[in-house]
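Engineer: Pasting in a structure now, in structure tokens, and then I'll have a few things to ask.
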Amino acid sequence: MNKRGFFICIEGLDGSGKTTQAKILVKNLTKQGYEALYTAEPSNGKIGKFIRRYLHGEGRVSSVVEALLFAADRFEHVSEEISPALAEGKIVVSDRYVYSSMAYQGASGINIDWIRMINGYVLKPDLAIFIDVEPEVVLQRIRRKKTIMEDLKTQRMVREVYLKLVEGGELKRVDGNRTRADLAKEILSVCLDALKMHHSIMPS
Ligand code: TYD
């Protein structure tokens, strides 16, 4: 039997509801009889923890250095968490992945092909979802817990990159402007459809 699991990532602007939705998705998949695991970037590894402190601190390093740090963290994330879980046949739901680097560091002027290149070792997700919410709306929601990435101009550019990736077929867009429950239903249905095409993994 093929023990390889199924790898999903959820992308979106900060405040788009992706963390909540990724967690609900794991619960819903578990209810359906799948073994599912929630994970996130920045990860819980050494570099991930360093990045979290950086994001909530003062000042910035260059976007090139940011992209390299996120790529380093991603390497740890894939090798320590994602790959082992997939090898056990689990569904992995990652809250952010390589598309966040393309969107955020890409929005700050870094060449997307170079970002792809430094992330060349990463696993391609089986399904990558973009929860689309207008930057004006997310900024209202996250007014209290800002990081250094969160001004309107940046968020607009980040969304533009995400939408280009949707156009190119790398990300599947879902409309985030609805209730938490409706959005969760839509995301679950997109995932179950994708899982149906992937015959090696079945609910128990
Ligand atoms: P976020 O999902 O907001 O983490 P938390 O819920 O812990 O606050 O992600 C943190 C920030 O990192 C977010 O503003 C996007 C940014 N980011 C990048 O710029 N590039 C990346 O590759 C990743 C993974 C995140």
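Just so we're on the same page: first chain in the structure tokens is A, next is B, and so on; residues restart at 1 for each chain, and ligands are numbered from 1 in the order they show up.
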Around ligand 1, out to 7 Å and counting only C-alpha atoms and all ligand atoms, which residues are there? I want them as an mmCIF file with all heavy atoms, in the first residue's frame.
Structural biologist:
data_model
loop_
_atom_site.group_PDB
_atom_site.id
_atom_site.type_symbol
_atom_site.label_atom_id
_atom_site.label_comp_id
_atom_site.auth_asym_id
_atom_site.auth_seq_id
_atom_site.Cartn_x
_atom_site.Cartn_y
_atom_site.Cartn_z
ATOM 1 N N ASP A 14 -2.787 38.119 6.593
ATOM 2 C CA ASP A 14 -2.975 38.039 8.039
ATOM 3 C C ASP A 14 -4.370 38.570 8.345
ATOM 4 O O ASP A 14 -4.727 39.639 7.860
ATOM 5 C CB ASP A 14 -1.962 38.931 8.761
ATOM 6 C CG ASP A 14 -0.542 38.606 8.361
ATOM 7 O OD1 ASP A 14 0.025 37.688 8.935
ATOM 8 O OD2 ASP A 14 -0.020 39.275 7.440
ATOM 9 N N THR A 19 -5.766 30.710 9.924
ATOM 10 C CA THR A 19 -5.381 29.846 11.055
ATOM 11 C C THR A 19 -6.615 29.126 11.608
ATOM 12 O O THR A 19 -6.602 27.899 11.807
ATOM 13 C CB THR A 19 -4.693 30.675 12.167
ATOM 14 O OG1 THR A 19 -3.530 31.275 11.595
ATOM 15 C CG2 THR A 19 -4.289 29.821 13.354
ATOM 16 N N GLU A 41 3.701 27.774 9.437
ATOM 17 C CA GLU A 41 4.931 28.546 9.237
ATOM 18 C C GLU A 41 4.663 29.986 9.660
ATOM 19 O O GLU A 41 3.585 30.490 9.370
ATOM 20 C CB GLU A 41 5.351 28.507 7.761
ATOM 21 C CG GLU A 41 5.816 27.143 7.337
ATOM 22 C CD GLU A 41 6.458 27.140 5.935
ATOM 23 O OE1 GLU A 41 6.585 28.215 5.331
ATOM 24 O OE2 GLU A 41 6.805 26.056 5.483
ATOM 25 N N PRO A 42 5.614 30.666 10.326
ATOM 26 C CA PRO A 42 6.879 30.121 10.768
ATOM 27 C C PRO A 42 6.661 28.906 11.678
ATOM 28 O O PRO A 42 5.699 28.877 12.429
ATOM 29 C CB PRO A 42 7.509 31.287 11.535
ATOM 30 C CG PRO A 42 6.765 32.518 11.131
ATOM 31 C CD PRO A 42 5.438 32.089 10.689
ATOM 32 N N ARG A 52 9.650 34.427 14.473
ATOM 33 C CA ARG A 52 8.513 35.007 15.204
ATOM 34 C C ARG A 52 8.936 36.204 16.045
ATOM 35 O O ARG A 52 8.264 37.226 16.094
ATOM 36 C CB ARG A 52 7.869 33.956 16.120
ATOM 37 C CG ARG A 52 6.923 33.070 15.376
ATOM 38 C CD ARG A 52 6.348 31.985 16.272
ATOM 39 N NE ARG A 52 5.926 30.890 15.439
ATOM 40 C CZ ARG A 52 4.810 30.893 14.724
ATOM 41 N NH1 ARG A 52 3.994 31.912 14.789
ATOM 42 N NH2 ARG A 52 4.508 29.875 13.954
ATOM 43 N N LEU A 55 9.518 39.118 13.704
ATOM 44 C CA LEU A 55 8.304 39.715 13.138
ATOM 45 C C LEU A 55 7.621 40.680 14.105
ATOM 46 O O LEU A 55 6.961 41.616 13.695
ATOM 47 C CB LEU A 55 7.302 38.620 12.749
ATOM 48 C CG LEU A 55 7.651 37.793 11.516
ATOM 49 C CD1 LEU A 55 6.728 36.596 11.400
ATOM 50 C CD2 LEU A 55 7.585 38.646 10.257
ATOM 51 N N ALA A 67 13.690 36.274 2.925
ATOM 52 C CA ALA A 67 13.341 35.120 2.079
ATOM 53 C C ALA A 67 14.218 33.915 2.423
ATOM 54 O O ALA A 67 13.738 32.778 2.478
ATOM 55 C CB ALA A 67 13.495 35.489 0.605
ATOM 56 N N PHE A 70 13.031 32.427 5.813
ATOM 57 C CA PHE A 70 11.805 31.635 5.670
ATOM 58 C C PHE A 70 12.099 30.320 4.937
ATOM 59 O O PHE A 70 11.516 29.286 5.271
ATOM 60 C CB PHE A 70 10.713 32.427 4.936
ATOM 61 C CG PHE A 70 10.020 33.450 5.801
ATOM 62 C CD1 PHE A 70 10.177 34.810 5.572
ATOM 63 C CD2 PHE A 70 9.198 33.049 6.852
ATOM 64 C CE1 PHE A 70 9.534 35.754 6.368
ATOM 65 C CE2 PHE A 70 8.545 33.985 7.657
ATOM 66 C CZ PHE A 70 8.716 35.338 7.413
ATOM 67 N N ALA A 71 13.013 30.377 3.965
ATOM 68 C CA ALA A 71 13.354 29.144 3.246
ATOM 69 C C ALA A 71 14.076 28.166 4.176
ATOM 70 O O ALA A 71 13.836 26.949 4.133
ATOM 71 C CB ALA A 71 14.219 29.468 2.027
ATOM 72 N N ASP A 95 -0.561 25.857 7.750
ATOM 73 C CA ASP A 95 -1.027 27.235 7.813
ATOM 74 C C ASP A 95 0.144 28.083 7.296
ATOM 75 O O ASP A 95 1.090 28.327 8.028
ATOM 76 C CB ASP A 95 -1.345 27.497 9.296
ATOM 77 C CG ASP A 95 -1.792 28.898 9.599
ATOM 78 O OD1 ASP A 95 -1.688 29.776 8.737
ATOM 79 O OD2 ASP A 95 -2.238 29.105 10.746
ATOM 80 N N ARG A 96 0.116 28.437 6.030
ATOM 81 C CA ARG A 96 1.185 29.104 5.258
ATOM 82 C C ARG A 96 2.219 28.089 4.781
ATOM 83 O O ARG A 96 2.537 27.122 5.441
ATOM 84 C CB ARG A 96 1.925 30.196 6.036
ATOM 85 C CG ARG A 96 1.064 31.390 6.386
ATOM 86 C CD ARG A 96 1.959 32.583 6.761
ATOM 87 N NE ARG A 96 1.147 33.731 7.129
ATOM 88 C CZ ARG A 96 0.519 34.502 6.246
ATOM 89 N NH1 ARG A 96 0.653 34.272 4.959
ATOM 90 N NH2 ARG A 96 -0.210 35.512 6.637
ATOM 91 N N TYR A 97 2.790 28.421 3.600
ATOM 92 C CA TYR A 97 3.854 27.588 3.023
ATOM 93 C C TYR A 97 4.627 28.460 2.032
ATOM 94 O O TYR A 97 4.639 29.690 2.163
ATOM 95 C CB TYR A 97 3.205 26.352 2.370
ATOM 96 C CG TYR A 97 4.166 25.244 2.032
ATOM 97 C CD1 TYR A 97 5.018 24.706 2.994
ATOM 98 C CD2 TYR A 97 4.246 24.744 0.743
ATOM 99 C CE1 TYR A 97 5.906 23.684 2.675
ATOM 100 C CE2 TYR A 97 5.129 23.726 0.413
ATOM 101 C CZ TYR A 97 5.959 23.202 1.389
ATOM 102 O OH TYR A 97 6.837 22.201 1.067
ATOM 103 N N VAL A 98 5.214 27.845 1.009
ATOM 104 C CA VAL A 98 6.113 28.584 0.118
ATOM 105 C C VAL A 98 5.427 29.768 -0.583
ATOM 106 O O VAL A 98 6.059 30.783 -0.904
ATOM 107 C CB VAL A 98 6.754 27.619 -0.909
ATOM 108 C CG1 VAL A 98 5.728 26.995 -1.825
ATOM 109 C CG2 VAL A 98 7.852 28.282 -1.697
ATOM 110 N N TYR A 99 4.101 29.676 -0.772
ATOM 111 C CA TYR A 99 3.386 30.773 -1.449
ATOM 112 C C TYR A 99 3.404 32.050 -0.604
ATOM 113 O O TYR A 99 3.302 33.147 -1.140
ATOM 114 C CB TYR A 99 1.947 30.341 -1.774
ATOM 115 C CG TYR A 99 1.944 29.015 -2.493
ATOM 116 C CD1 TYR A 99 1.635 27.823 -1.826
ATOM 117 C CD2 TYR A 99 2.329 28.937 -3.837
ATOM 118 C CE1 TYR A 99 1.698 26.597 -2.477
ATOM 119 C CE2 TYR A 99 2.392 27.717 -4.489
ATOM 120 C CZ TYR A 99 2.081 26.553 -3.798
ATOM 121 O OH TYR A 99 2.153 25.342 -4.437
ATOM 122 N N SER A 100 3.558 31.900 0.727
ATOM 123 C CA SER A 100 3.691 33.092 1.578
ATOM 124 C C SER A 100 4.988 33.823 1.259
ATOM 125 O O SER A 100 5.029 35.051 1.258
ATOM 126 C CB SER A 100 3.685 32.714 3.065
ATOM 127 O OG SER A 100 2.403 32.349 3.492
ATOM 128 N N SER A 101 6.054 33.061 0.990
ATOM 129 C CA SER A 101 7.313 33.716 0.626
ATOM 130 C C SER A 101 7.170 34.428 -0.713
ATOM 131 O O SER A 101 7.649 35.555 -0.894
ATOM 132 C CB SER A 101 8.452 32.697 0.527
ATOM 133 O OG SER A 101 8.851 32.273 1.805
ATOM 134 N N TYR A 104 4.718 37.556 0.105
ATOM 135 C CA TYR A 104 5.215 38.630 0.970
ATOM 136 C C TYR A 104 6.579 39.158 0.521
ATOM 137 O O TYR A 104 6.764 40.357 0.380
ATOM 138 C CB TYR A 104 5.271 38.167 2.436
ATOM 139 C CG TYR A 104 3.903 38.116 3.084
ATOM 140 C CD1 TYR A 104 3.055 37.034 2.863
ATOM 141 C CD2 TYR A 104 3.447 39.149 3.890
ATOM 142 C CE1 TYR A 104 1.796 36.981 3.439
ATOM 143 C CE2 TYR A 104 2.188 39.110 4.471
ATOM 144 C CZ TYR A 104 1.369 38.021 4.246
ATOM 145 O OH TYR A 104 0.118 37.974 4.801
ATOM 146 N N GLN A 105 7.535 38.249 0.300
ATOM 147 C CA GLN A 105 8.848 38.735 -0.122
ATOM 148 C C GLN A 105 8.782 39.176 -1.597
ATOM 149 O O GLN A 105 9.437 40.123 -2.001
ATOM 150 C CB GLN A 105 9.934 37.680 0.115
ATOM 151 C CG GLN A 105 10.413 37.602 1.577
ATOM 152 C CD GLN A 105 9.327 37.166 2.561
ATOM 153 O OE1 GLN A 105 8.742 36.104 2.424
ATOM 154 N NE2 GLN A 105 9.048 37.998 3.547
ATOM 155 N N THR A 147 1.904 42.940 12.939
ATOM 156 C CA THR A 147 3.328 42.644 12.803
ATOM 157 C C THR A 147 3.890 43.665 11.810
ATOM 158 O O THR A 147 3.138 44.502 11.284
ATOM 159 C CB THR A 147 3.599 41.221 12.253
ATOM 160 O OG1 THR A 147 3.288 41.199 10.867
ATOM 161 C CG2 THR A 147 2.821 40.156 13.000
ATOM 162 N N MET A 149 4.531 43.375 8.836
ATOM 163 C CA MET A 149 4.114 43.188 7.447
ATOM 164 C C MET A 149 2.810 43.917 7.117
ATOM 165 O O MET A 149 2.335 43.854 6.011
ATOM 166 C CB MET A 149 3.870 41.699 7.147
ATOM 167 C CG MET A 149 5.013 40.790 7.446
ATOM 168 S SD MET A 149 6.281 40.956 6.207
ATOM 169 C CE MET A 149 7.524 39.857 6.845
ATOM 170 N N GLU A 150 2.203 44.537 8.126
ATOM 171 C CA GLU A 150 0.783 44.843 7.970
ATOM 172 C C GLU A 150 0.397 46.295 7.747
ATOM 173 O O GLU A 150 -0.215 46.919 8.581
ATOM 174 C CB GLU A 150 0.037 44.269 9.183
ATOM 175 C CG GLU A 150 -0.007 42.765 9.128
ATOM 176 C CD GLU A 150 -0.055 42.130 10.501
ATOM 177 O OE1 GLU A 150 -0.218 42.861 11.484
ATOM 178 O OE2 GLU A 150 0.085 40.913 10.569
#
Engineer: Taking a cut-off of 10 Å and counting only C-alpha atoms, can you build a table that, for each residue of stretch 93-200 of chain A near stretch 77-87 of chain A, reports the nearest atom pair and how far apart they are in Å (one decimal), sorted by chain then residue number, as a Markdown table?
Structural biologist:
| residue | atom | partner | partner_atom | distance |
| --- | --- | --- | --- | --- |
| A:Val93 | CA | A:Ile82 | CA | 9.0 |
| A:Ser94 | CA | A:Ile82 | CA | 8.5 |
| A:Tyr97 | CA | A:His77 | CA | 9.6 |
| A:Tyr121 | CA | A:Val78 | CA | 9.3 |
| A:Val122 | CA | A:Val78 | CA | 7.0 |
| A:Leu123 | CA | A:Val78 | CA | 7.5 |
Engineer: Quick one: residues within 9 Å of stretch 189-198 of chain A, only C-alpha atoms, excluding same-chain residues fewer than 2 positions away - as a ChimeraX atom specification?
Structural biologist: /A:6,8,25,29,126-127,129,172,184-187,200-202
Engineer: Residues within 10 Å of A:Leu13, please, as a PDB file with N, CA and C atoms, in the first residue's frame. Count only C-alpha atoms; anything in the same chain fewer than 3 positions from it doesn't count.
Structural biologist:
ATOM      1  N   SER A  16      -7.111  36.894   7.528  1.00  0.00           N
ATOM      2  CA  SER A  16      -8.071  36.350   6.551  1.00  0.00           C
ATOM      3  C   SER A  16      -8.841  35.165   7.139  1.00  0.00           C
ATOM      4  N   GLY A  17      -8.412  34.723   8.310  1.00  0.00           N
ATOM      5  CA  GLY A  17      -9.093  33.592   8.944  1.00  0.00           C
ATOM      6  C   GLY A  17      -8.415  32.269   8.648  1.00  0.00           C
ATOM      7  N   LYS A  18      -7.212  32.312   8.077  1.00  0.00           N
ATOM      8  CA  LYS A  18      -6.614  31.038   7.649  1.00  0.00           C
ATOM      9  C   LYS A  18      -6.224  30.112   8.799  1.00  0.00           C
ATOM     10  N   ARG A  96       0.116  28.437   6.030  1.00  0.00           N
ATOM     11  CA  ARG A  96       1.185  29.104   5.258  1.00  0.00           C
ATOM     12  C   ARG A  96       2.219  28.089   4.781  1.00  0.00           C
ATOM     13  N   SER A 100       3.558  31.900   0.727  1.00  0.00           N
ATOM     14  CA  SER A 100       3.691  33.092   1.578  1.00  0.00           C
ATOM     15  C   SER A 100       4.988  33.823   1.259  1.00  0.00           C
ATOM     16  N   ALA A 103       4.443  35.592  -1.994  1.00  0.00           N
ATOM     17  CA  ALA A 103       3.533  36.731  -1.867  1.00  0.00           C
ATOM     18  C   ALA A 103       4.172  37.875  -1.070  1.00  0.00           C
ATOM     19  N   TYR A 104       4.718  37.556   0.105  1.00  0.00           N
ATOM     20  CA  TYR A 104       5.215  38.630   0.970  1.00  0.00           C
ATOM     21  C   TYR A 104       6.579  39.158   0.521  1.00  0.00           C
ATOM     22  N   PHE A 130      -6.129  29.482  -1.301  1.00  0.00           N
ATOM     23  CA  PHE A 130      -5.970  30.897  -0.942  1.00  0.00           C
ATOM     24  C   PHE A 130      -7.316  31.438  -0.461  1.00  0.00           C
ATOM     25  N   ILE A 131      -7.365  31.834   0.808  1.00  0.00           N
ATOM     26  CA  ILE A 131      -8.585  32.445   1.339  1.00  0.00           C
ATOM     27  C   ILE A 131      -8.529  33.936   1.028  1.00  0.00           C
ATOM     28  N   ASP A 132      -9.402  34.365   0.141  1.00  0.00           N
ATOM     29  CA  ASP A 132      -9.331  35.739  -0.346  1.00  0.00           C
ATOM     30  C   ASP A 132     -10.260  36.670   0.431  1.00  0.00           C
ATOM     31  N   VAL A 133      -9.641  37.640   1.109  1.00  0.00           N
ATOM     32  CA  VAL A 133     -10.391  38.689   1.807  1.00  0.00           C
ATOM     33  C   VAL A 133      -9.718  40.011   1.449  1.00  0.00           C
ATOM     34  N   GLU A 134     -10.513  41.045   1.221  1.00  0.00           N
ATOM     35  CA  GLU A 134      -9.967  42.360   0.858  1.00  0.00           C
ATOM     36  C   GLU A 134      -9.006  42.876   1.940  1.00  0.00           C
ATOM     37  N   PRO A 135      -7.895  43.495   1.526  1.00  0.00           N
ATOM     38  CA  PRO A 135      -6.956  44.051   2.501  1.00  0.00           C
ATOM     39  C   PRO A 135      -7.604  45.027   3.491  1.00  0.00           C
ATOM     40  N   VAL A 138      -9.270  42.888   6.215  1.00  0.00           N
ATOM     41  CA  VAL A 138      -8.362  42.216   7.168  1.00  0.00           C
ATOM     42  C   VAL A 138      -7.686  43.230   8.094  1.00  0.00           C
ATOM     43  N   LEU A 139      -7.393  44.403   7.562  1.00  0.00           N
ATOM     44  CA  LEU A 139      -6.716  45.380   8.422  1.00  0.00           C
ATOM     45  C   LEU A 139      -7.624  45.854   9.552  1.00  0.00           C
ATOM     46  N   MET A 149       4.531  43.375   8.836  1.00  0.00           N
ATOM     47  CA  MET A 149       4.114  43.188   7.447  1.00  0.00           C
ATOM     48  C   MET A 149       2.810  43.917   7.117  1.00  0.00           C
ATOM     49  N   GLU A 150       2.203  44.537   8.126  1.00  0.00           N
ATOM     50  CA  GLU A 150       0.783  44.843   7.970  1.00  0.00           C
ATOM     51  C   GLU A 150       0.397  46.295   7.747  1.00  0.00           C
ATOM     52  N   GLN A 155      -0.303  44.943   2.066  1.00  0.00           N
ATOM     53  CA  GLN A 155      -1.320  43.890   1.947  1.00  0.00           C
ATOM     54  C   GLN A 155      -1.905  43.840   0.547  1.00  0.00           C
ATOM     55  N   ARG A 156      -2.081  45.002  -0.065  1.00  0.00           N
ATOM     56  CA  ARG A 156      -2.611  45.020  -1.440  1.00  0.00           C
ATOM     57  C   ARG A 156      -1.662  44.329  -2.401  1.00  0.00           C
ATOM     58  N   VAL A 158       0.620  42.097  -1.628  1.00  0.00           N
ATOM     59  CA  VAL A 158       0.663  40.671  -1.286  1.00  0.00           C
ATOM     60  C   VAL A 158      -0.524  39.959  -1.952  1.00  0.00           C
ATOM     61  N   ARG A 159      -1.699  40.577  -1.851  1.00  0.00           N
ATOM     62  CA  ARG A 159      -2.897  39.959  -2.458  1.00  0.00           C
ATOM     63  C   ARG A 159      -2.732  39.837  -3.977  1.00  0.00           C
ATOM     64  N   TYR A 162      -0.756  36.778  -4.698  1.00  0.00           N
ATOM     65  CA  TYR A 162      -1.588  35.592  -4.478  1.00  0.00           C
ATOM     66  C   TYR A 162      -2.546  35.392  -5.667  1.00  0.00           C
TER      67      TYR A 162
END
Engineer: For A:Ser43, which residue among A:Arg180, A:Val166, A:Phe75, A:Ser63 is the nearest when counting only C-alpha atoms?
Structural biologist: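 Between A:Arg180, A:Val166, A:Phe75, A:Ser63, the residue approaching A:Ser43 most closely is A:Phe75.
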